[in-house]
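Structure file structure20.pdb (PDB, C-alpha atoms) follows.
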```pdb
ATOM      1  CA  MET A  15     122.813  79.036 128.481
ATOM      2  CA  PRO A  16     121.182  81.952 126.557
ATOM      3  CA  LYS A  17     120.614  81.444 122.839
ATOM      4  CA  GLN A  18     123.250  83.383 120.933
ATOM      5  CA  GLN A  19     121.883  86.050 118.600
ATOM      6  CA  ILE A  20     123.430  85.914 115.150
ATOM      7  CA  PRO A  21     123.657  89.451 113.770
ATOM      8  CA  GLN A  22     121.464  89.527 110.693
ATOM      9  CA  GLU A  23     122.509  91.587 107.707
ATOM     10  CA  LYS A  24     120.232  93.727 105.622
ATOM     11  CA  ASN A  25     119.409  92.348 102.205
ATOM     12  CA  TRP A  26     116.904  92.825  99.415
ATOM     13  CA  TYR A  27     114.072  90.314  99.227
ATOM     14  CA  VAL A  28     111.298  89.797  96.700
ATOM     15  CA  LEU A  29     107.656  89.837  97.745
ATOM     16  CA  HIS A  30     104.953  88.278  95.646
ATOM     17  CA  THR A  31     101.766  90.355  95.526
ATOM     18  CA  TYR A  32      98.440  90.170  93.783
ATOM     19  CA  SER A  33      98.996  91.582  90.302
ATOM     20  CA  GLY A  34      97.978  95.219  90.030
ATOM     21  CA  TYR A  35      98.433  95.808  93.781
ATOM     22  CA  GLU A  36     102.198  96.454  93.731
ATOM     23  CA  ASP A  37     101.941 100.201  94.444
ATOM     24  CA  ALA A  38      99.245  99.649  97.105
ATOM     25  CA  VAL A  39     101.443  97.032  98.821
ATOM     26  CA  ALA A  40     104.451  99.385  98.787
ATOM     27  CA  LYS A  41     102.338 102.204 100.262
ATOM     28  CA  SER A  42     100.740 100.012 102.987
ATOM     29  CA  LEU A  43     104.087  98.478 103.872
ATOM     30  CA  LYS A  44     105.708 101.912 104.252
ATOM     31  CA  GLN A  45     102.840 102.999 106.541
ATOM     32  CA  ARG A  46     103.113  99.786 108.590
ATOM     33  CA  ILE A  47     106.893 100.215 108.974
ATOM     34  CA  GLU A  48     106.302 103.689 110.386
ATOM     35  CA  SER A  49     103.329 102.900 112.623
ATOM     36  CA  LEU A  50     104.911  99.706 114.010
ATOM     37  CA  GLY A  51     108.357 101.291 114.482
ATOM     38  CA  MET A  52     110.194  98.884 112.174
ATOM     39  CA  GLU A  53     112.544 101.464 110.587
ATOM     40  CA  ASP A  54     115.527  99.681 112.176
ATOM     41  CA  LYS A  55     114.651  96.388 110.430
ATOM     42  CA  ILE A  56     112.822  97.338 107.216
ATOM     43  CA  PHE A  57     114.619 100.035 105.249
ATOM     44  CA  ASP A  58     113.231 100.402 101.759
ATOM     45  CA  VAL A  59     110.365  99.236  99.548
ATOM     46  CA  ILE A  60     110.535  99.467  95.748
ATOM     47  CA  VAL A  61     108.171  98.636  92.900
ATOM     48  CA  PRO A  62     110.684  98.274  90.025
ATOM     49  CA  LYS A  63     109.560 100.368  87.051
ATOM     50  CA  GLU A  64     111.157 101.576  83.839
ATOM     51  CA  LYS A  65     110.241 104.094  81.184
ATOM     52  CA  LYS A  66     109.285 102.757  77.758
ATOM     53  CA  ILE A  67     108.250 104.370  74.497
ATOM     54  CA  LYS A  68     104.855 103.324  73.152
ATOM     55  CA  ILE A  69     102.768 104.427  70.192
ATOM     56  CA  LYS A  70      99.267 105.608  71.000
ATOM     57  CA  ASN A  71      97.044 107.185  68.320
ATOM     58  CA  SER A  72     100.128 107.307  66.050
ATOM     59  CA  LYS A  73     101.929 109.489  68.622
ATOM     60  CA  ARG A  74     104.966 108.554  70.644
ATOM     61  CA  LYS A  75     104.426 108.483  74.412
ATOM     62  CA  THR A  76     106.757 107.641  77.252
ATOM     63  CA  VAL A  77     105.067 105.386  79.772
ATOM     64  CA  GLU A  78     106.249 103.866  83.023
ATOM     65  CA  GLU A  79     105.857 100.099  83.189
ATOM     66  CA  LYS A  80     106.470  97.650  86.000
ATOM     67  CA  ILE A  81     109.541  95.565  85.264
ATOM     68  CA  TYR A  82     108.207  92.610  87.288
ATOM     69  CA  PRO A  83     104.409  92.760  87.566
ATOM     70  CA  GLY A  84     103.241  91.063  90.765
ATOM     71  CA  TYR A  85     106.497  91.658  92.646
ATOM     72  CA  VAL A  86     107.800  94.235  95.121
ATOM     73  CA  LEU A  87     111.353  94.525  96.487
ATOM     74  CA  VAL A  88     111.944  95.118 100.179
ATOM     75  CA  GLN A  89     115.265  95.842 101.859
ATOM     76  CA  MET A  90     115.224  94.456 105.381
ATOM     77  CA  ILE A  91     116.823  92.414 108.112
ATOM     78  CA  VAL A  92     114.750  89.256 108.446
ATOM     79  CA  THR A  93     113.663  88.604 112.029
ATOM     80  CA  ASP A  94     110.477  86.948 113.273
ATOM     81  CA  ASP A  95     108.786  90.305 113.803
ATOM     82  CA  SER A  96     109.962  91.994 110.564
ATOM     83  CA  TRP A  97     108.961  88.880 108.576
ATOM     84  CA  TYR A  98     105.541  88.955 110.250
ATOM     85  CA  VAL A  99     104.990  92.679 109.488
ATOM     86  CA  VAL A 100     105.846  92.218 105.803
ATOM     87  CA  ARG A 101     104.059  88.881 105.386
ATOM     88  CA  ASN A 102     100.831  90.225 106.895
ATOM     89  CA  THR A 103     100.632  93.355 104.762
ATOM     90  CA  PRO A 104      97.386  93.309 102.739
ATOM     91  CA  ASN A 105      97.752  91.832  99.207
ATOM     92  CA  VAL A 106     101.150  90.249  99.931
ATOM     93  CA  THR A 107     100.986  86.566  99.041
ATOM     94  CA  GLY A 108     104.450  85.723 100.346
ATOM     95  CA  PHE A 109     108.185  86.012 100.001
ATOM     96  CA  VAL A 110     109.979  84.502  97.051
ATOM     97  CA  GLY A 111     112.139  81.729  98.467
ATOM     98  CA  ALA A 112     112.191  78.168  99.678
ATOM     99  CA  GLY A 113     109.157  77.425 101.835
ATOM    100  CA  THR A 114     108.756  80.224 104.372
ATOM    101  CA  THR A 115     112.435  81.248 104.237
ATOM    102  CA  PRO A 116     112.979  84.371 102.113
ATOM    103  CA  VAL A 117     115.979  84.146  99.772
ATOM    104  CA  PRO A 118     117.958  87.387  99.375
ATOM    105  CA  VAL A 119     118.522  88.902  95.930
ATOM    106  CA  SER A 120     122.199  89.251  94.982
ATOM    107  CA  LYS A 121     123.719  92.730  95.208
ATOM    108  CA  GLY A 122     124.686  92.486  91.519
ATOM    109  CA  GLU A 123     121.086  91.906  90.457
ATOM    110  CA  ILE A 124     119.935  94.891  92.544
ATOM    111  CA  GLU A 125     122.587  97.119  90.904
ATOM    112  CA  ILE A 126     121.477  96.062  87.402
ATOM    113  CA  LEU A 127     117.830  96.683  88.314
ATOM    114  CA  LYS A 128     118.583 100.128  89.800
ATOM    115  CA  LYS A 129     120.473 101.104  86.613
ATOM    116  CA  ARG A 130     117.514  99.974  84.515
ATOM    117  CA  MET A 131     115.133 101.971  86.729
ATOM    118  CA  GLY A 132     117.361 105.059  86.665
ATOM    119  CA  VAL A 133     117.182 105.610  82.907
ATOM    120  CA  GLU A 134     115.364 108.911  82.482
ATOM    121  CA  THR A 135     114.821 108.869  78.744
ATOM    122  CA  PRO A 136     114.415 105.513  77.063
ATOM    123  CA  GLN A 137     116.620 104.923  74.024
ATOM    124  CA  TYR A 138     115.175 104.213  70.611
ATOM    125  CA  LYS A 139     116.101 100.700  69.629
ATOM    126  CA  ILE A 140     115.707 100.215  65.914
ATOM    127  CA  ASP A 141     116.159  96.561  65.029
ATOM    128  CA  VAL A 142     115.906  96.856  61.242
ATOM    129  CA  LYS A 143     118.504  97.792  58.637
ATOM    130  CA  ILE A 144     118.316  99.393  55.216
ATOM    131  CA  GLY A 145     116.858  96.965  52.685
ATOM    132  CA  ASP A 146     114.831  94.955  55.249
ATOM    133  CA  ALA A 147     111.271  94.012  54.333
ATOM    134  CA  VAL A 148     108.817  95.360  56.927
ATOM    135  CA  LYS A 149     105.089  95.428  57.634
ATOM    136  CA  ILE A 150     103.578  98.722  58.810
ATOM    137  CA  THR A 151     101.664  98.052  62.041
ATOM    138  CA  ASP A 152     100.186 101.482  62.787
ATOM    139  CA  GLY A 153      99.049 104.707  61.141
ATOM    140  CA  LEU A 154      97.676 105.552  57.683
ATOM    141  CA  PHE A 155      99.612 102.799  55.920
ATOM    142  CA  LYS A 156      98.788 100.042  58.413
ATOM    143  CA  ASP A 157      99.111  96.520  56.933
ATOM    144  CA  TYR A 158     101.160  97.738  53.944
ATOM    145  CA  ASP A 159     104.497  96.044  53.280
ATOM    146  CA  GLY A 160     107.584  97.960  52.321
ATOM    147  CA  LYS A 161     111.369  98.134  52.312
ATOM    148  CA  VAL A 162     113.468 100.219  54.702
ATOM    149  CA  ALA A 163     115.201 102.986  52.721
ATOM    150  CA  GLU A 164     116.595 105.241  55.511
ATOM    151  CA  ILE A 165     117.050 105.079  59.266
ATOM    152  CA  ASP A 166     117.299 108.066  61.620
ATOM    153  CA  GLN A 167     118.614 106.475  64.826
ATOM    154  CA  GLU A 168     118.627 109.852  66.619
ATOM    155  CA  LYS A 169     114.900 110.545  66.158
ATOM    156  CA  GLY A 170     113.752 106.914  66.047
ATOM    157  CA  LYS A 171     112.339 107.364  62.531
ATOM    158  CA  VAL A 172     112.538 105.174  59.428
ATOM    159  CA  LYS A 173     111.747 105.887  55.789
ATOM    160  CA  VAL A 174     109.952 102.952  54.171
ATOM    161  CA  LEU A 175     109.360 102.547  50.441
ATOM    162  CA  VAL A 176     105.770 101.380  49.944
ATOM    163  CA  ASN A 177     104.628 100.205  46.522
ATOM    164  CA  MET A 178     101.513 102.211  45.656
ATOM    165  CA  PHE A 179      99.989 102.689  42.219
ATOM    166  CA  GLY A 180     102.864 100.782  40.617
ATOM    167  CA  ARG A 181     105.693 102.820  42.099
ATOM    168  CA  ASP A 182     107.674 103.036  45.351
ATOM    169  CA  THR A 183     106.515 105.872  47.568
ATOM    170  CA  PRO A 184     108.694 106.919  50.538
ATOM    171  CA  VAL A 185     106.769 107.025  53.825
ATOM    172  CA  GLU A 186     108.350 108.381  57.015
ATOM    173  CA  LEU A 187     107.333 106.368  60.059
ATOM    174  CA  ASP A 188     108.175 105.983  63.684
ATOM    175  CA  SER A 189     110.368 102.915  64.253
ATOM    176  CA  LEU A 190     107.644 101.568  66.565
ATOM    177  CA  GLN A 191     105.138 101.567  63.675
ATOM    178  CA  ILE A 192     106.872  98.815  61.731
ATOM    179  CA  LYS A 193     107.882  95.216  62.235
ATOM    180  CA  LYS A 194     110.361  93.108  60.331
ATOM    181  CA  ILE A 195     108.935  90.347  58.095
TER     182      ILE A 195
END
```

Encoded form using structure tokens:
Amino acid sequence: MPKQQIPQEKNWYVLHTYSGYEDAVAKSLKQRIESLGMEDKIFDVIVPKEKKIKIKNSKRKTVEEKIYPGYVLVQMIVTDDSWYVVRNTPNVTGFVGAGTTPVPVSKGEIEILKKRMGVETPQYKIDVKIGDAVKITDGLFKDYDGKVAEIDQEKGKVKVLVNMFGRDTPVELDSLQIKKI
């Protein structure tokens, strides 16, 4: 009696890679899929990234950061040969799952991740309110303490009153240049 083939469904799985090799793994895996004719079993490879705002040299910069360093997502149907192709890609240390069995990621989690990745311009998130005591962490007034006087949510700016020479001096800063104390 021939062994009955159970139709496998395509799911997203998480691969563990050496940290810093996520993009290289995604590129090699895409090349392997093509050269080994696995397009019918391995459909997509993603290194989840999101845009973030950082301060560098007192200037605001948008940078792309990996959401899960050391991990790559792959959409595939798991068969012996597709598992082998993925597992033997250079710098892949294994699938995330129990033992050698990959565990699929829920569709809900993938949707949330895709939304997070799809944000073109990161939002300013100002977690202080007027009257809060803050420490300035960057720029000319680094290490000074002050009190938040104004908040411009739109531009991501805050006006901080810093006590200098016996009086409060308003200093306009980027919201990323302060931290609540």

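Coordinates place atom CA of A:Glu64 at a distance of 7.3 Å from atom CA of A:Val133.
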
Could you list, as a ChimeraX atom specification, every residue within 8 Å of A:Val110, counting all atoms listed in the file and ignoring same-chain residues fewer than 6 positions away? /A:27-30,116-117

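Taking all atoms listed in the file into account, A:Asp95 lies nearest to A:Asp54 out of the set A:Glu36, A:Asp188, A:Asp54, A:Asp146.
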
Tell me which residues the PyMOL selection byres ((chain A and resi 189) around 7) grabs here, as number ranges by chain. A: 140, 170-172, 187-188, 190-192

Let's have the selection written as an mmCIF file, in the frame of the given file, with C-alpha atoms.
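This is the output file result-v2.cif:
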```cif
data_model
loop_
_atom_site.group_PDB
_atom_site.id
_atom_site.type_symbol
_atom_site.label_atom_id
_atom_site.label_comp_id
_atom_site.auth_asym_id
_atom_site.auth_seq_id
_atom_site.Cartn_x
_atom_site.Cartn_y
_atom_site.Cartn_z
ATOM 1 C CA ILE A 140 115.707 100.215 65.914
ATOM 2 C CA GLY A 170 113.752 106.914 66.047
ATOM 3 C CA LYS A 171 112.339 107.364 62.531
ATOM 4 C CA VAL A 172 112.538 105.174 59.428
ATOM 5 C CA LEU A 187 107.333 106.368 60.059
ATOM 6 C CA ASP A 188 108.175 105.983 63.684
ATOM 7 C CA LEU A 190 107.644 101.568 66.565
ATOM 8 C CA GLN A 191 105.138 101.567 63.675
ATOM 9 C CA ILE A 192 106.872 98.815 61.731
#
```

Could you please give me, as a compact mmCIF listing (two decimals) with C-alpha atoms, keeping the file's coordinate frame, the residues of protein, DNA or RNA lying at most 10 Å from (115.1, 101.7, 84.7) in the coordinate frame of the file, considering only C-alpha atoms?
```txt
# COMPACT_ATOMS: atom_id res chain seq x y z
CA PRO A 62 110.68 98.27 90.02
CA LYS A 63 109.56 100.37 87.05
CA GLU A 64 111.16 101.58 83.84
CA LYS A 65 110.24 104.09 81.18
CA LYS A 66 109.28 102.76 77.76
CA GLU A 78 106.25 103.87 83.02
CA GLU A 79 105.86 100.10 83.19
CA LYS A 80 106.47 97.65 86.00
CA ILE A 81 109.54 95.56 85.26
CA ILE A 126 121.48 96.06 87.40
CA LEU A 127 117.83 96.68 88.31
CA LYS A 128 118.58 100.13 89.80
CA LYS A 129 120.47 101.10 86.61
CA ARG A 130 117.51 99.97 84.52
CA MET A 131 115.13 101.97 86.73
CA GLY A 132 117.36 105.06 86.66
CA VAL A 133 117.18 105.61 82.91
CA GLU A 134 115.36 108.91 82.48
CA THR A 135 114.82 108.87 78.74
CA PRO A 136 114.42 105.51 77.06
```

Axis-aligned box over every listed atom of stretch 102-109 of chain A, padded by 6 Å per side: centre and edges in Å to one decimal, as lines of an AutoDock Vina configuration file?
```
center_x = 102.8
center_y = 89.5
center_z = 103.0
size_x = 22.8
size_y = 19.6
size_z = 19.9
```

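Neighbouring residues of A:Leu154 at 12 Å or closer, counting only C-alpha atoms and skipping chain neighbours under 3 positions away, are A:Asn71, A:Ser72, A:Ile150, A:Thr151, A:Asp157, A:Tyr158, A:Val176, A:Val185, A:Glu186, A:Leu187, A:Gln191.
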
Explicit residue set for the PyMOL selection byres ((chain A and resi 105) around 7), as a PyMOL selection string: chain A and resi 31-32+35+39+103-104+106-107

Around the point (113.8, 97.2, 56.0) (coordinates from the file), which residues reach within 7 Å if we count all atoms listed in the file? Answer as a count of residues only. 11

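The spacing separating atom CA of A:Leu175 from atom CA of A:Lys75 amounts to 25.2 Å.
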
Counting all atoms listed in the file, which residue out of A:Arg181, A:Asn25, A:Gly153, A:Leu50 sits closest to A:Ile124? A:Asn25

Determine the residue set returned by the PyMOL selection byres ((chain A and resi 91) around 8) for the present structure, and present it as a count of residues only. 11

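Atom CA of A:Ile67 is found 27.0 Å from atom CA of A:Thr183.
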